[in-house]
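Pasted below: model26.tsv, TSV, C-alpha atoms and all ligand atoms.
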```tsv
chain	number	residue	atom	x	y	z
C	1	MET	CA	-12.70	130.88	186.13
C	2	ILE	CA	-11.54	132.66	182.96
C	3	SER	CA	-13.32	135.84	181.98
C	4	LEU	CA	-12.47	138.12	179.08
C	5	ARG	CA	-14.30	141.42	178.79
C	6	LYS	CA	-13.90	143.34	175.53
C	7	VAL	CA	-10.35	142.08	175.23
C	8	SER	CA	-8.58	143.18	172.08
C	9	LYS	CA	-5.05	143.08	170.74
C	10	VAL	CA	-3.75	145.58	168.26
C	11	LEU	CA	-0.20	145.35	166.94
C	12	SER	CA	1.73	147.73	164.82
C	13	SER	CA	2.62	146.37	161.41
C	14	GLY	CA	4.87	148.60	159.30
C	15	GLY	CA	3.64	151.63	161.23
C	16	GLN	CA	0.00	150.64	160.63
C	17	PRO	CA	-2.23	149.26	163.39
C	18	LEU	CA	-3.09	145.60	162.88
C	19	THR	CA	-5.97	144.19	164.92
C	20	VAL	CA	-5.13	140.55	165.67
C	21	LEU	CA	-7.95	140.19	168.20
C	22	HIS	CA	-11.16	142.20	167.97
C	23	PRO	CA	-12.94	142.84	171.30
C	24	VAL	CA	-13.70	139.38	172.69
C	25	GLN	CA	-16.17	138.42	175.44
C	26	LEU	CA	-15.49	134.96	176.76
C	27	ASP	CA	-16.21	132.99	179.93
C	28	ILE	CA	-14.73	129.59	180.63
C	29	GLN	CA	-15.93	127.84	183.76
C	30	ARG	CA	-13.80	126.05	186.33
C	31	GLY	CA	-13.06	122.50	185.25
C	32	GLU	CA	-14.27	123.07	181.70
C	33	PHE	CA	-12.50	121.53	178.69
C	34	ALA	CA	-12.70	123.92	175.74
C	35	ALA	CA	-11.08	123.53	172.35
C	36	VAL	CA	-10.09	126.59	170.35
C	37	MET	CA	-10.05	126.16	166.58
C	38	GLY	CA	-9.50	128.41	163.61
C	39	PRO	CA	-7.26	128.93	160.61
C	40	SER	CA	-3.63	129.87	160.98
C	41	GLY	CA	-3.33	133.54	161.91
C	42	SER	CA	-6.84	133.76	163.37
C	43	GLY	CA	-5.55	134.76	166.82
C	44	LYS	CA	-5.56	131.46	168.74
C	45	SER	CA	-2.05	131.77	170.17
C	46	THR	CA	-2.65	135.43	170.92
C	47	LEU	CA	-5.75	134.49	172.91
C	48	LEU	CA	-3.88	131.84	174.90
C	49	GLY	CA	-0.94	134.15	175.56
C	50	LEU	CA	-3.33	136.77	176.95
C	51	ILE	CA	-5.05	134.27	179.28
C	52	ALA	CA	-1.63	133.07	180.46
C	53	GLY	CA	-0.51	136.61	181.24
C	54	LEU	CA	2.37	136.21	178.78
C	55	ASP	CA	1.00	139.05	176.70
C	56	SER	CA	-1.10	142.08	177.61
C	57	PRO	CA	-4.26	143.18	175.80
C	58	SER	CA	-4.63	146.53	174.06
C	59	SER	CA	-8.00	146.99	175.76
C	60	GLY	CA	-10.40	145.15	178.03
C	61	GLU	CA	-10.08	143.13	181.20
C	62	ILE	CA	-9.02	139.56	181.84
C	63	GLN	CA	-9.78	137.74	185.07
C	64	VAL	CA	-8.49	134.31	185.90
C	65	ASN	CA	-9.55	132.61	189.10
C	66	GLY	CA	-10.98	135.89	190.34
C	67	GLN	CA	-7.74	137.79	189.76
C	68	ALA	CA	-7.66	140.73	187.37
C	69	ILE	CA	-4.45	139.97	185.55
C	70	THR	CA	-4.73	143.03	183.33
C	71	GLY	CA	-3.62	145.29	186.18
C	72	MET	CA	-0.67	143.19	187.31
C	73	ASN	CA	3.00	144.16	187.09
C	74	GLU	CA	5.64	141.69	185.81
C	75	ASP	CA	6.36	140.20	189.24
C	76	GLN	CA	2.69	139.71	190.00
C	77	LEU	CA	2.19	138.13	186.58
C	78	ALA	CA	5.10	135.76	187.15
C	79	ARG	CA	3.60	134.71	190.45
C	80	PHE	CA	0.17	134.34	188.87
C	81	ARG	CA	1.60	132.08	186.14
C	82	SER	CA	3.53	130.02	188.63
C	83	ASP	CA	0.51	129.56	190.90
C	84	THR	CA	-2.27	129.19	188.37
C	85	ILE	CA	-1.17	128.37	184.83
C	86	GLY	CA	0.34	125.34	183.12
C	87	PHE	CA	1.34	125.68	179.46
C	88	VAL	CA	2.07	123.09	176.80
C	89	PHE	CA	3.59	124.30	173.52
C	90	GLN	CA	3.60	122.82	170.04
C	91	SER	CA	7.41	122.70	170.09
C	92	PHE	CA	7.68	121.10	173.58
C	93	GLN	CA	10.08	123.79	174.89
C	94	LEU	CA	11.98	121.55	177.26
C	95	ILE	CA	15.27	122.82	178.66
C	96	PRO	CA	17.84	120.87	176.59
C	97	SER	CA	20.53	120.77	179.28
C	98	LEU	CA	18.20	119.09	181.78
C	99	THR	CA	17.01	115.50	181.92
C	100	ALA	CA	13.33	114.62	181.63
C	101	LEU	CA	13.08	114.36	185.42
C	102	GLU	CA	14.86	117.67	185.98
C	103	ASN	CA	12.61	119.41	183.47
C	104	VAL	CA	9.57	118.33	185.49
C	105	GLN	CA	11.28	119.21	188.76
C	106	VAL	CA	12.17	122.80	187.84
C	107	PRO	CA	8.76	124.46	188.39
C	108	LEU	CA	8.38	122.60	191.69
C	109	GLU	CA	11.83	123.65	192.93
C	110	ILE	CA	11.23	127.24	191.91
C	111	ARG	CA	8.16	127.23	194.12
C	112	GLY	CA	10.26	125.76	196.91
C	113	GLU	CA	8.09	122.66	197.17
C	114	THR	CA	9.43	119.87	199.26
C	115	GLY	CA	9.50	116.47	197.63
C	116	ALA	CA	9.96	117.94	194.14
C	117	ALA	CA	11.92	114.92	192.94
C	118	LYS	CA	9.31	112.51	194.26
C	119	ARG	CA	6.42	114.34	192.61
C	120	ALA	CA	8.38	114.69	189.35
C	121	LYS	CA	9.00	110.93	189.36
C	122	GLU	CA	5.32	110.23	189.95
C	123	LEU	CA	4.34	112.51	187.10
C	124	LEU	CA	6.81	110.91	184.70
C	125	SER	CA	5.41	107.56	185.69
C	126	GLN	CA	1.86	108.86	185.03
C	127	VAL	CA	2.86	109.77	181.49
C	128	GLY	CA	4.59	106.39	181.05
C	129	LEU	CA	8.15	107.70	180.99
C	130	GLU	CA	9.60	106.43	184.23
C	131	ALA	CA	12.34	104.60	182.37
C	132	ARG	CA	13.34	107.75	180.49
C	133	SER	CA	13.77	109.96	183.56
C	134	HIS	CA	17.47	110.47	183.04
C	135	HIS	CA	17.37	111.00	179.31
C	136	TYR	CA	17.92	114.44	177.85
C	137	PRO	CA	15.34	115.92	175.45
C	138	VAL	CA	17.57	115.17	172.45
C	139	GLN	CA	17.47	111.49	173.40
C	140	LEU	CA	13.68	111.43	173.37
C	141	SER	CA	11.21	111.21	170.48
C	142	GLY	CA	8.82	114.09	169.86
C	143	GLY	CA	5.98	112.26	171.56
C	144	GLU	CA	8.15	111.48	174.57
C	145	GLN	CA	9.29	115.09	174.82
C	146	GLN	CA	5.69	116.23	174.74
C	147	ARG	CA	4.81	113.74	177.47
C	148	VAL	CA	7.57	115.28	179.61
C	149	ALA	CA	6.15	118.72	178.80
C	150	VAL	CA	2.69	117.57	179.89
C	151	ALA	CA	4.11	116.21	183.15
C	152	ARG	CA	5.90	119.52	183.70
C	153	ALA	CA	2.78	121.55	182.95
C	154	PHE	CA	0.82	119.63	185.58
C	155	ALA	CA	3.63	119.57	188.15
C	156	CYS	CA	2.33	122.42	190.30
C	157	ARG	CA	-1.31	121.35	189.92
C	158	PRO	CA	-2.33	124.42	187.93
C	159	LEU	CA	-5.95	125.50	187.97
C	160	VAL	CA	-5.72	126.29	184.27
C	161	LEU	CA	-3.89	124.27	181.64
C	162	LEU	CA	-3.36	125.98	178.30
C	163	ALA	CA	-2.14	123.88	175.38
C	164	ASP	CA	-1.25	125.52	172.07
C	165	GLU	CA	-1.43	122.92	169.29
C	166	PRO	CA	0.31	120.36	171.51
C	167	THR	CA	-0.02	117.68	168.83
C	168	GLY	CA	1.04	119.87	165.91
C	169	ASN	CA	4.46	118.24	165.61
C	170	LEU	CA	3.33	114.68	166.32
C	171	ASP	CA	1.89	111.84	164.28
C	172	SER	CA	-1.79	111.22	164.88
C	173	ALA	CA	-1.46	108.17	167.18
C	174	THR	CA	1.10	109.95	169.39
C	175	GLY	CA	-1.02	113.09	169.28
C	176	ALA	CA	-4.05	111.13	170.43
C	177	LEU	CA	-2.05	109.82	173.38
C	178	ILE	CA	-1.00	113.33	174.38
C	179	ILE	CA	-4.62	114.49	174.26
C	180	LYS	CA	-5.69	111.51	176.32
C	181	LEU	CA	-3.05	112.38	178.92
C	182	LEU	CA	-4.15	116.00	179.03
C	183	GLN	CA	-7.75	114.87	179.36
C	184	GLN	CA	-6.93	112.35	182.07
C	185	LEU	CA	-4.97	114.85	184.16
C	186	HIS	CA	-7.66	117.50	183.58
C	187	GLU	CA	-10.29	115.08	184.91
C	188	GLU	CA	-8.24	113.81	187.84
C	189	GLU	CA	-7.16	117.25	189.01
C	190	GLY	CA	-10.26	119.22	187.96
C	191	THR	CA	-8.00	121.44	185.85
C	192	THR	CA	-9.63	123.87	183.46
C	193	LEU	CA	-8.28	122.90	180.03
C	194	VAL	CA	-8.10	125.19	177.01
C	195	LEU	CA	-6.67	123.43	173.99
C	196	VAL	CA	-5.83	124.95	170.63
C	197	THR	CA	-6.03	122.47	167.79
C	198	HIS	CA	-6.56	122.22	164.04
C	199	ASP	CA	-7.72	118.65	164.34
C	200	PRO	CA	-11.51	118.10	164.47
C	201	GLU	CA	-11.02	114.65	166.02
C	202	ILE	CA	-9.10	116.20	168.88
C	203	ALA	CA	-11.61	119.04	169.29
C	204	ALA	CA	-14.31	116.38	169.54
C	205	ALA	CA	-12.80	115.28	172.85
C	206	ALA	CA	-13.61	118.72	174.34
C	207	LYS	CA	-16.96	119.71	175.84
C	208	ARG	CA	-17.00	123.00	173.99
C	209	VAL	CA	-15.52	124.31	170.76
C	210	ILE	CA	-14.68	127.99	170.30
C	211	LYS	CA	-13.92	128.96	166.71
C	212	LEU	CA	-11.90	132.01	165.76
C	213	ARG	CA	-11.60	133.67	162.38
C	214	ASP	CA	-9.72	136.87	161.63
C	215	GLY	CA	-9.41	137.68	165.31
C	216	ARG	CA	-13.09	137.20	166.15
C	217	VAL	CA	-15.03	134.45	167.90
C	218	VAL	CA	-17.30	133.23	165.12
C	219	GLU	CA	-18.70	130.17	166.85
C	220	ASP	CA	-18.88	128.98	170.45
C	221	ALA	CA	-20.88	125.81	170.97
C	222	PRO	CA	-20.94	122.58	172.94
C	223	SER	CA	-18.99	119.87	171.19
C	224	ASN	CA	-21.19	117.13	169.80
C	225	GLY	CA	-18.44	114.64	170.57
C	226	LYS	CA	-18.01	113.79	166.93
C	227	PRO	CA	-15.38	115.08	164.58
C	228	SER	CA	-16.84	117.30	161.90
C	229	THR	CA	-14.73	115.72	159.16
C	230	GLY	CA	-17.40	113.36	157.92
C	231	LYS	CA	-15.27	110.34	158.84
C	232	SER	CA	-17.37	107.64	160.44
C	233	ALA	CA	-15.03	106.68	163.30
C	234	THR	CA	-15.38	108.89	166.34
C	235	GLY	CA	-12.31	110.57	167.72
C	236	LYS	CA	-13.09	109.27	171.19
C	237	ASP	CA	-13.01	105.63	170.18
C	238	SER	CA	-9.71	105.97	168.41
C	239	LEU	CA	-8.29	107.75	171.46
C	240	LYS	CA	-9.35	104.91	173.71
C	241	THR	CA	-7.70	102.33	171.48
C	242	THR	CA	-4.45	104.22	171.42
C	243	VAL	CA	-4.34	104.58	175.15
C	244	LYS	CA	-4.98	100.90	175.78
C	245	LYS	CA	-2.04	100.01	173.57
C	246	THR	CA	0.17	102.51	175.30
C	247	THR	CA	-0.78	101.29	178.76
C	248	VAL	CA	0.58	97.91	177.78
C	249	LYS	CA	3.76	99.55	176.56
C	250	LYS	CA	4.06	101.48	179.81
C	251	THR	CA	4.15	98.24	181.78
C	252	ALA	CA	7.02	96.99	179.66
C	253	VAL	CA	8.71	100.31	180.16
C	254	GLN	CA	8.25	100.11	183.92
C	255	LYS	CA	9.93	96.71	183.97
C	256	SER	CA	13.13	98.14	182.56
C	257	ALA	CA	13.00	101.18	184.81
C	258	LYS	CA	15.12	99.60	187.57
C	259	LYS	CA	18.22	99.33	185.39
C	260	GLU	CA	17.98	102.98	184.49
C	261	THR	CA	17.63	104.06	188.10
C	262	VAL	CA	20.89	102.37	189.05
C	263	LYS	CA	22.73	104.40	186.41
C	264	LYS	CA	21.42	107.69	187.75
C	265	PRO	CA	24.23	110.03	188.75
C	266	ALA	CA	23.78	112.26	191.79
C	267	SER	CA	22.90	115.67	190.45
C	268	LYS	CA	22.42	119.20	191.69
C	269	PRO	CA	18.94	120.70	191.96
C	270	ALA	CA	17.35	121.01	188.53
C	271	ALA	CA	16.40	124.64	189.04
C	272	LYS	CA	20.02	125.54	189.80
C	273	LYS	CA	21.26	123.70	186.73
C	274	ALA	CA	18.54	125.38	184.70
C	275	SER	CA	19.40	128.86	185.90
C	276	GLN	CA	23.06	128.32	185.00
C	277	THR	CA	22.15	127.34	181.45
C	278	ILE	CA	19.58	130.08	181.39
C	279	SER	CA	21.93	132.87	182.40
C	280	ARG	CA	24.35	131.80	179.67
C	281	LYS	CA	21.52	131.84	177.16
C	282	SER	CA	20.00	135.11	178.31
C	283	ALA	CA	23.28	136.87	177.85
C	284	ALA	CA	23.03	136.02	174.16
C	285	LYS	CA	19.34	136.36	173.54
C	286	LYS	CA	16.67	138.86	174.40
C	287	PRO	CA	13.28	137.37	175.23
C	288	SER	CA	10.18	138.06	173.18
C	289	ALA	CA	6.52	137.62	173.96
C	290	LYS	CA	6.24	134.99	171.24
C	291	LYS	CA	8.83	132.81	172.98
C	292	PRO	CA	7.58	132.35	176.51
C	293	THR	CA	10.29	129.84	177.44
C	294	ALA	CA	13.05	132.22	176.47
C	295	LYS	CA	11.26	134.88	178.44
C	296	LYS	CA	10.88	132.57	181.38
C	297	ALA	CA	14.46	131.45	181.08
C	298	SER	CA	15.96	134.89	181.14
C	299	THR	CA	14.19	136.25	184.19
C	300	SER	CA	15.43	135.85	187.71
C	301	LYS	CA	14.60	132.85	189.81
C	302	THR	CA	11.74	134.53	191.64
C	303	THR	CA	10.11	135.97	188.57
C	304	ARG	CA	10.34	132.87	186.44
C	305	SER	CA	7.09	131.11	185.65
C	306	LYS	CA	6.69	127.50	184.93
C	307	ALA	CA	5.84	126.80	181.35
L	1	LIG	N1	4.61	139.76	167.36
L	1	LIG	C1	3.86	139.88	166.27
L	1	LIG	N2	4.13	140.81	165.35
L	1	LIG	C2	3.35	140.96	164.24
L	1	LIG	N3	2.28	140.20	164.01
L	1	LIG	C3	1.95	139.26	164.89
L	1	LIG	C4	2.71	139.03	166.07
L	1	LIG	N4	2.14	138.03	166.77
L	1	LIG	C5	1.08	137.66	166.04
L	1	LIG	N5	0.96	138.39	164.91
L	1	LIG	C6	-0.10	138.26	163.91
L	1	LIG	O1	-1.32	138.15	164.60
L	1	LIG	C7	-2.18	137.28	163.93
L	1	LIG	C8	-2.64	136.20	164.90
L	1	LIG	O2	-1.53	135.40	165.25
L	1	LIG	P1	-1.65	134.11	166.16
L	1	LIG	O3	-2.39	134.46	167.39
L	1	LIG	O4	-0.29	133.56	166.31
L	1	LIG	O5	-2.56	133.19	165.24
L	1	LIG	P2	-2.83	131.61	165.30
L	1	LIG	O6	-2.25	131.09	166.57
L	1	LIG	O7	-4.31	131.48	165.21
L	1	LIG	O8	-2.16	131.04	164.10
L	1	LIG	C9	-1.42	136.76	162.74
L	1	LIG	O9	-1.81	137.47	161.62
L	1	LIG	C10	0.01	137.02	163.10
L	1	LIG	O10	0.78	137.20	161.95
L	2	MG	MG	-0.77	129.70	166.89
```

Take the structure in the file and write it out as structure tokens.
Amino acid sequence: MISLRKVSKVLSSGGQPLTVLHPVQLDIQRGEFAAVMGPSGSGKSTLLGLIAGLDSPSSGEIQVNGQAITGMNEDQLARFRSDTIGFVFQSFQLIPSLTALENVQVPLEIRGETGAAKRAKELLSQVGLEARSHHYPVQLSGGEQQRVAVARAFACRPLVLLADEPTGNLDSATGALIIKLLQQLHEEEGTTLVLVTHDPEIAAAAKRVIKLRDGRVVEDAPSNGKPSTGKSATGKDSLKTTVKKTTVKKTAVQKSAKKETVKKPASKPAAKKASQTISRKSAAKKPSAKKPTAKKASTSKTTRSKA
């Protein structure tokens, strides 16, 4: 599914070459759940950005789902991302001017899918946020924003879901819920899941743990299902407990959902609203490879990827 052959990334730092990723060989099978760990600066985000086609390698070849993405031009890459990749970021990266529902709808509308609103509603319900559909990101907690981001990432049923420290800005209970959601959707949809995390308990939920250090893969082994922290409680058990609690909450949330629906104002398509905000923003800001949403936001409708 994902194949990296001698993939490296060399940047220029003060005129000097800086190797952030030494030639990496890596194969991740369809439907696999792999965690990527390593200290800050070890190249985890670089690796994910390369797999997502958000960044290009200095050497080597990357194939995803049988497609050599290393030879693609920008339009082909945008299409590849839209068709194949879902991305969840540490900082959520929701579009602030759109409601939760609209944020989930955008990638579906961009692809011209019929029933975008219906699917977006279903997804929000799956992540327990039906009652928050018409709230804007600023009205949501971090955990709720990340749940919207997870729903958005799965909207187009991507073959590959990449998550870069998705729990980095969340408390541990909320983080555990986000991981459980990612895991659940990965299992239900057969999505290949690559998850960057610092947290050994979270990595324990994966089937495989890939460890990076100084831009090299230093360990790549099946997960033993136990966190390597020495704590006696297993990560999996604590995840289960959290999800049970939240399922109860979700029912309460669903009860109050009706009221919210009545208040809903008729609105224009989310993608249109998004592109209006986006064109205002892009006039002020140039995109960079490190900010995929800004990049996404500033490109034209056809070349925009879903994040
Ligand atoms: N655009 C950039 N310019 C200069 N250095 C960068 C850039 N992007 C990443 N780096 C450097 O590359 C290394 C790997 O970064 P990154 O992949 O973000 O690491 P991680 O996600 O593991 O923390 C770091 O040393 C970082 O400072
Ligand atoms: Mg990173």

Could you check which of C:Arg147, C:Lys272, C:His22, C:Arg208 is closest to ligand LIG 1 (chain L), using all atoms listed in the file?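 With all atoms listed in the file as the atom set, the closest residue is C:His22.
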
With only C-alpha atoms and all ligand atoms counted and 9 Å as the cut-off, give the residues of chain C in contact with ligand LIG 1 (chain L), each with its shortest interatomic distance in Å and the pair that gives it, as CSV.
```
residue,atom,partner,partner_atom,distance
C:Lys9,CA,L:LIG1,O1,8.7
C:Val10,CA,L:LIG1,O1,8.6
C:Leu11,CA,L:LIG1,C2,6.3
C:Ser12,CA,L:LIG1,C2,7.0
C:Ser13,CA,L:LIG1,C2,6.1
C:Leu18,CA,L:LIG1,N3,7.7
C:Thr19,CA,L:LIG1,O1,7.6
C:Val20,CA,L:LIG1,O1,4.6
C:Leu21,CA,L:LIG1,C8,7.4
C:Met37,CA,L:LIG1,O7,7.9
C:Gly38,CA,L:LIG1,O7,6.2
C:Pro39,CA,L:LIG1,O7,6.0
C:Ser40,CA,L:LIG1,O8,3.6
C:Gly41,CA,L:LIG1,O5,3.4
C:Ser42,CA,L:LIG1,O7,3.9
C:Gly43,CA,L:LIG1,O3,3.2
C:Lys44,CA,L:LIG1,O7,3.7
C:Ser45,CA,L:LIG1,O6,3.7
C:Thr46,CA,L:LIG1,O3,3.7
C:Leu47,CA,L:LIG1,O3,6.5
C:Leu48,CA,L:LIG1,O3,8.1
C:Gly49,CA,L:LIG1,O3,8.3
C:Asp164,CA,L:LIG1,O6,7.9
C:Glu165,CA,L:LIG1,O6,8.6
C:Val196,CA,L:LIG1,O6,8.2
C:Leu212,CA,L:LIG1,O7,7.6
C:Arg213,CA,L:LIG1,O7,8.1
C:Asp214,CA,L:LIG1,C8,7.8
C:Gly215,CA,L:LIG1,C8,6.9
C:Ser288,CA,L:LIG1,N1,8.2
C:Ala289,CA,L:LIG1,N1,7.2
C:Lys290,CA,L:LIG1,N1,6.4
```

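Considering only C-alpha atoms and all ligand atoms, the residue among C:Thr167, C:Thr174, C:Ser59, C:Gln90 positioned nearest to ligand MG 2 (chain L) is C:Gln90.
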
What does the structure give for the distance between CA of Leu123 (chain C) and CA of Ser275 (chain C), in Å to one decimal?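 Interatomic distance here is 22.3 Å.
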
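One distance worth recording is that between CA of Gly66 (chain C) and CA of Leu26 (chain C), which is 14.3 Å.
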
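Reported to one decimal place, the separation of CA of Asn73 (chain C) from CA of Ser3 (chain C) is 19.0 Å.
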
Using all atoms listed in the file, which of the listed residues (C:Gly86, C:Pro96, C:Gly31, C:Pro137) sits closest to Lys273 (chain C)?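 Answer, going by the shortest atom-to-atom distance: C:Pro96.
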
Could I see region 74-100 of chain C restored to N, CA and C atoms, set down as a PDB file, in the frame of the given file?
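Full text of part-v8.pdb as output:
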```pdb
ATOM      1  N   GLU C  74       4.929 142.901 186.261  1.00  0.00           N
ATOM      2  CA  GLU C  74       5.640 141.690 185.810  1.00  0.00           C
ATOM      3  C   GLU C  74       5.812 140.653 186.929  1.00  0.00           C
ATOM      4  N   ASP C  75       6.154 141.129 188.131  1.00  0.00           N
ATOM      5  CA  ASP C  75       6.360 140.200 189.240  1.00  0.00           C
ATOM      6  C   ASP C  75       5.066 139.504 189.625  1.00  0.00           C
ATOM      7  N   GLN C  76       3.995 140.298 189.657  1.00  0.00           N
ATOM      8  CA  GLN C  76       2.690 139.710 190.000  1.00  0.00           C
ATOM      9  C   GLN C  76       2.259 138.707 188.926  1.00  0.00           C
ATOM     10  N   LEU C  77       2.538 139.046 187.672  1.00  0.00           N
ATOM     11  CA  LEU C  77       2.190 138.130 186.580  1.00  0.00           C
ATOM     12  C   LEU C  77       2.984 136.829 186.680  1.00  0.00           C
ATOM     13  N   ALA C  78       4.255 136.954 187.026  1.00  0.00           N
ATOM     14  CA  ALA C  78       5.100 135.760 187.150  1.00  0.00           C
ATOM     15  C   ALA C  78       4.564 134.850 188.250  1.00  0.00           C
ATOM     16  N   ARG C  79       4.161 135.479 189.337  1.00  0.00           N
ATOM     17  CA  ARG C  79       3.600 134.710 190.450  1.00  0.00           C
ATOM     18  C   ARG C  79       2.271 134.058 190.044  1.00  0.00           C
ATOM     19  N   PHE C  80       1.456 134.853 189.352  1.00  0.00           N
ATOM     20  CA  PHE C  80       0.170 134.340 188.870  1.00  0.00           C
ATOM     21  C   PHE C  80       0.394 133.116 187.980  1.00  0.00           C
ATOM     22  N   ARG C  81       1.343 133.215 187.056  1.00  0.00           N
ATOM     23  CA  ARG C  81       1.600 132.080 186.140  1.00  0.00           C
ATOM     24  C   ARG C  81       2.074 130.878 186.929  1.00  0.00           C
ATOM     25  N   SER C  82       2.974 131.120 187.854  1.00  0.00           N
ATOM     26  CA  SER C  82       3.530 130.020 188.630  1.00  0.00           C
ATOM     27  C   SER C  82       2.462 129.329 189.473  1.00  0.00           C
ATOM     28  N   ASP C  83       1.534 130.125 190.013  1.00  0.00           N
ATOM     29  CA  ASP C  83       0.510 129.560 190.900  1.00  0.00           C
ATOM     30  C   ASP C  83      -0.660 128.948 190.135  1.00  0.00           C
ATOM     31  N   THR C  84      -0.973 129.479 188.976  1.00  0.00           N
ATOM     32  CA  THR C  84      -2.270 129.190 188.370  1.00  0.00           C
ATOM     33  C   THR C  84      -2.221 128.511 187.010  1.00  0.00           C
ATOM     34  N   ILE C  85      -1.166 128.768 186.236  1.00  0.00           N
ATOM     35  CA  ILE C  85      -1.170 128.370 184.830  1.00  0.00           C
ATOM     36  C   ILE C  85      -0.156 127.263 184.521  1.00  0.00           C
ATOM     37  N   GLY C  86      -0.582 126.291 183.731  1.00  0.00           N
ATOM     38  CA  GLY C  86       0.340 125.340 183.120  1.00  0.00           C
ATOM     39  C   GLY C  86       0.243 125.536 181.616  1.00  0.00           C
ATOM     40  N   PHE C  87       1.359 125.412 180.895  1.00  0.00           N
ATOM     41  CA  PHE C  87       1.340 125.680 179.460  1.00  0.00           C
ATOM     42  C   PHE C  87       2.046 124.558 178.727  1.00  0.00           C
ATOM     43  N   VAL C  88       1.416 124.079 177.673  1.00  0.00           N
ATOM     44  CA  VAL C  88       2.070 123.090 176.800  1.00  0.00           C
ATOM     45  C   VAL C  88       2.148 123.696 175.399  1.00  0.00           C
ATOM     46  N   PHE C  89       3.348 123.673 174.817  1.00  0.00           N
ATOM     47  CA  PHE C  89       3.590 124.300 173.520  1.00  0.00           C
ATOM     48  C   PHE C  89       3.676 123.251 172.415  1.00  0.00           C
ATOM     49  N   GLN C  90       3.466 123.710 171.190  1.00  0.00           N
ATOM     50  CA  GLN C  90       3.600 122.820 170.040  1.00  0.00           C
ATOM     51  C   GLN C  90       5.031 122.260 169.955  1.00  0.00           C
ATOM     52  N   SER C  91       6.007 123.107 170.269  1.00  0.00           N
ATOM     53  CA  SER C  91       7.410 122.700 170.090  1.00  0.00           C
ATOM     54  C   SER C  91       8.047 122.245 171.413  1.00  0.00           C
ATOM     55  N   PHE C  92       7.251 121.739 172.325  1.00  0.00           N
ATOM     56  CA  PHE C  92       7.680 121.100 173.580  1.00  0.00           C
ATOM     57  C   PHE C  92       8.370 122.059 174.555  1.00  0.00           C
ATOM     58  N   GLN C  93       9.397 122.778 174.074  1.00  0.00           N
ATOM     59  CA  GLN C  93      10.080 123.790 174.890  1.00  0.00           C
ATOM     60  C   GLN C  93      10.672 123.248 176.178  1.00  0.00           C
ATOM     61  N   LEU C  94      11.260 122.069 176.088  1.00  0.00           N
ATOM     62  CA  LEU C  94      11.980 121.550 177.260  1.00  0.00           C
ATOM     63  C   LEU C  94      13.342 122.235 177.329  1.00  0.00           C
ATOM     64  N   ILE C  95      13.927 122.248 178.525  1.00  0.00           N
ATOM     65  CA  ILE C  95      15.270 122.820 178.660  1.00  0.00           C
ATOM     66  C   ILE C  95      16.264 121.731 178.253  1.00  0.00           C
ATOM     67  N   PRO C  96      17.024 121.956 177.168  1.00  0.00           N
ATOM     68  CA  PRO C  96      17.840 120.870 176.590  1.00  0.00           C
ATOM     69  C   PRO C  96      18.929 120.350 177.508  1.00  0.00           C
ATOM     70  N   SER C  97      19.414 121.191 178.414  1.00  0.00           N
ATOM     71  CA  SER C  97      20.530 120.770 179.280  1.00  0.00           C
ATOM     72  C   SER C  97      20.042 119.999 180.510  1.00  0.00           C
ATOM     73  N   LEU C  98      18.750 119.815 180.633  1.00  0.00           N
ATOM     74  CA  LEU C  98      18.200 119.090 181.780  1.00  0.00           C
ATOM     75  C   LEU C  98      17.582 117.772 181.339  1.00  0.00           C
ATOM     76  N   THR C  99      17.650 116.775 182.211  1.00  0.00           N
ATOM     77  CA  THR C  99      17.010 115.500 181.920  1.00  0.00           C
ATOM     78  C   THR C  99      15.488 115.658 182.003  1.00  0.00           C
ATOM     79  N   ALA C 100      14.797 114.611 181.574  1.00  0.00           N
ATOM     80  CA  ALA C 100      13.330 114.620 181.630  1.00  0.00           C
ATOM     81  C   ALA C 100      12.872 114.913 183.058  1.00  0.00           C
TER      82      ALA C 100
END
```
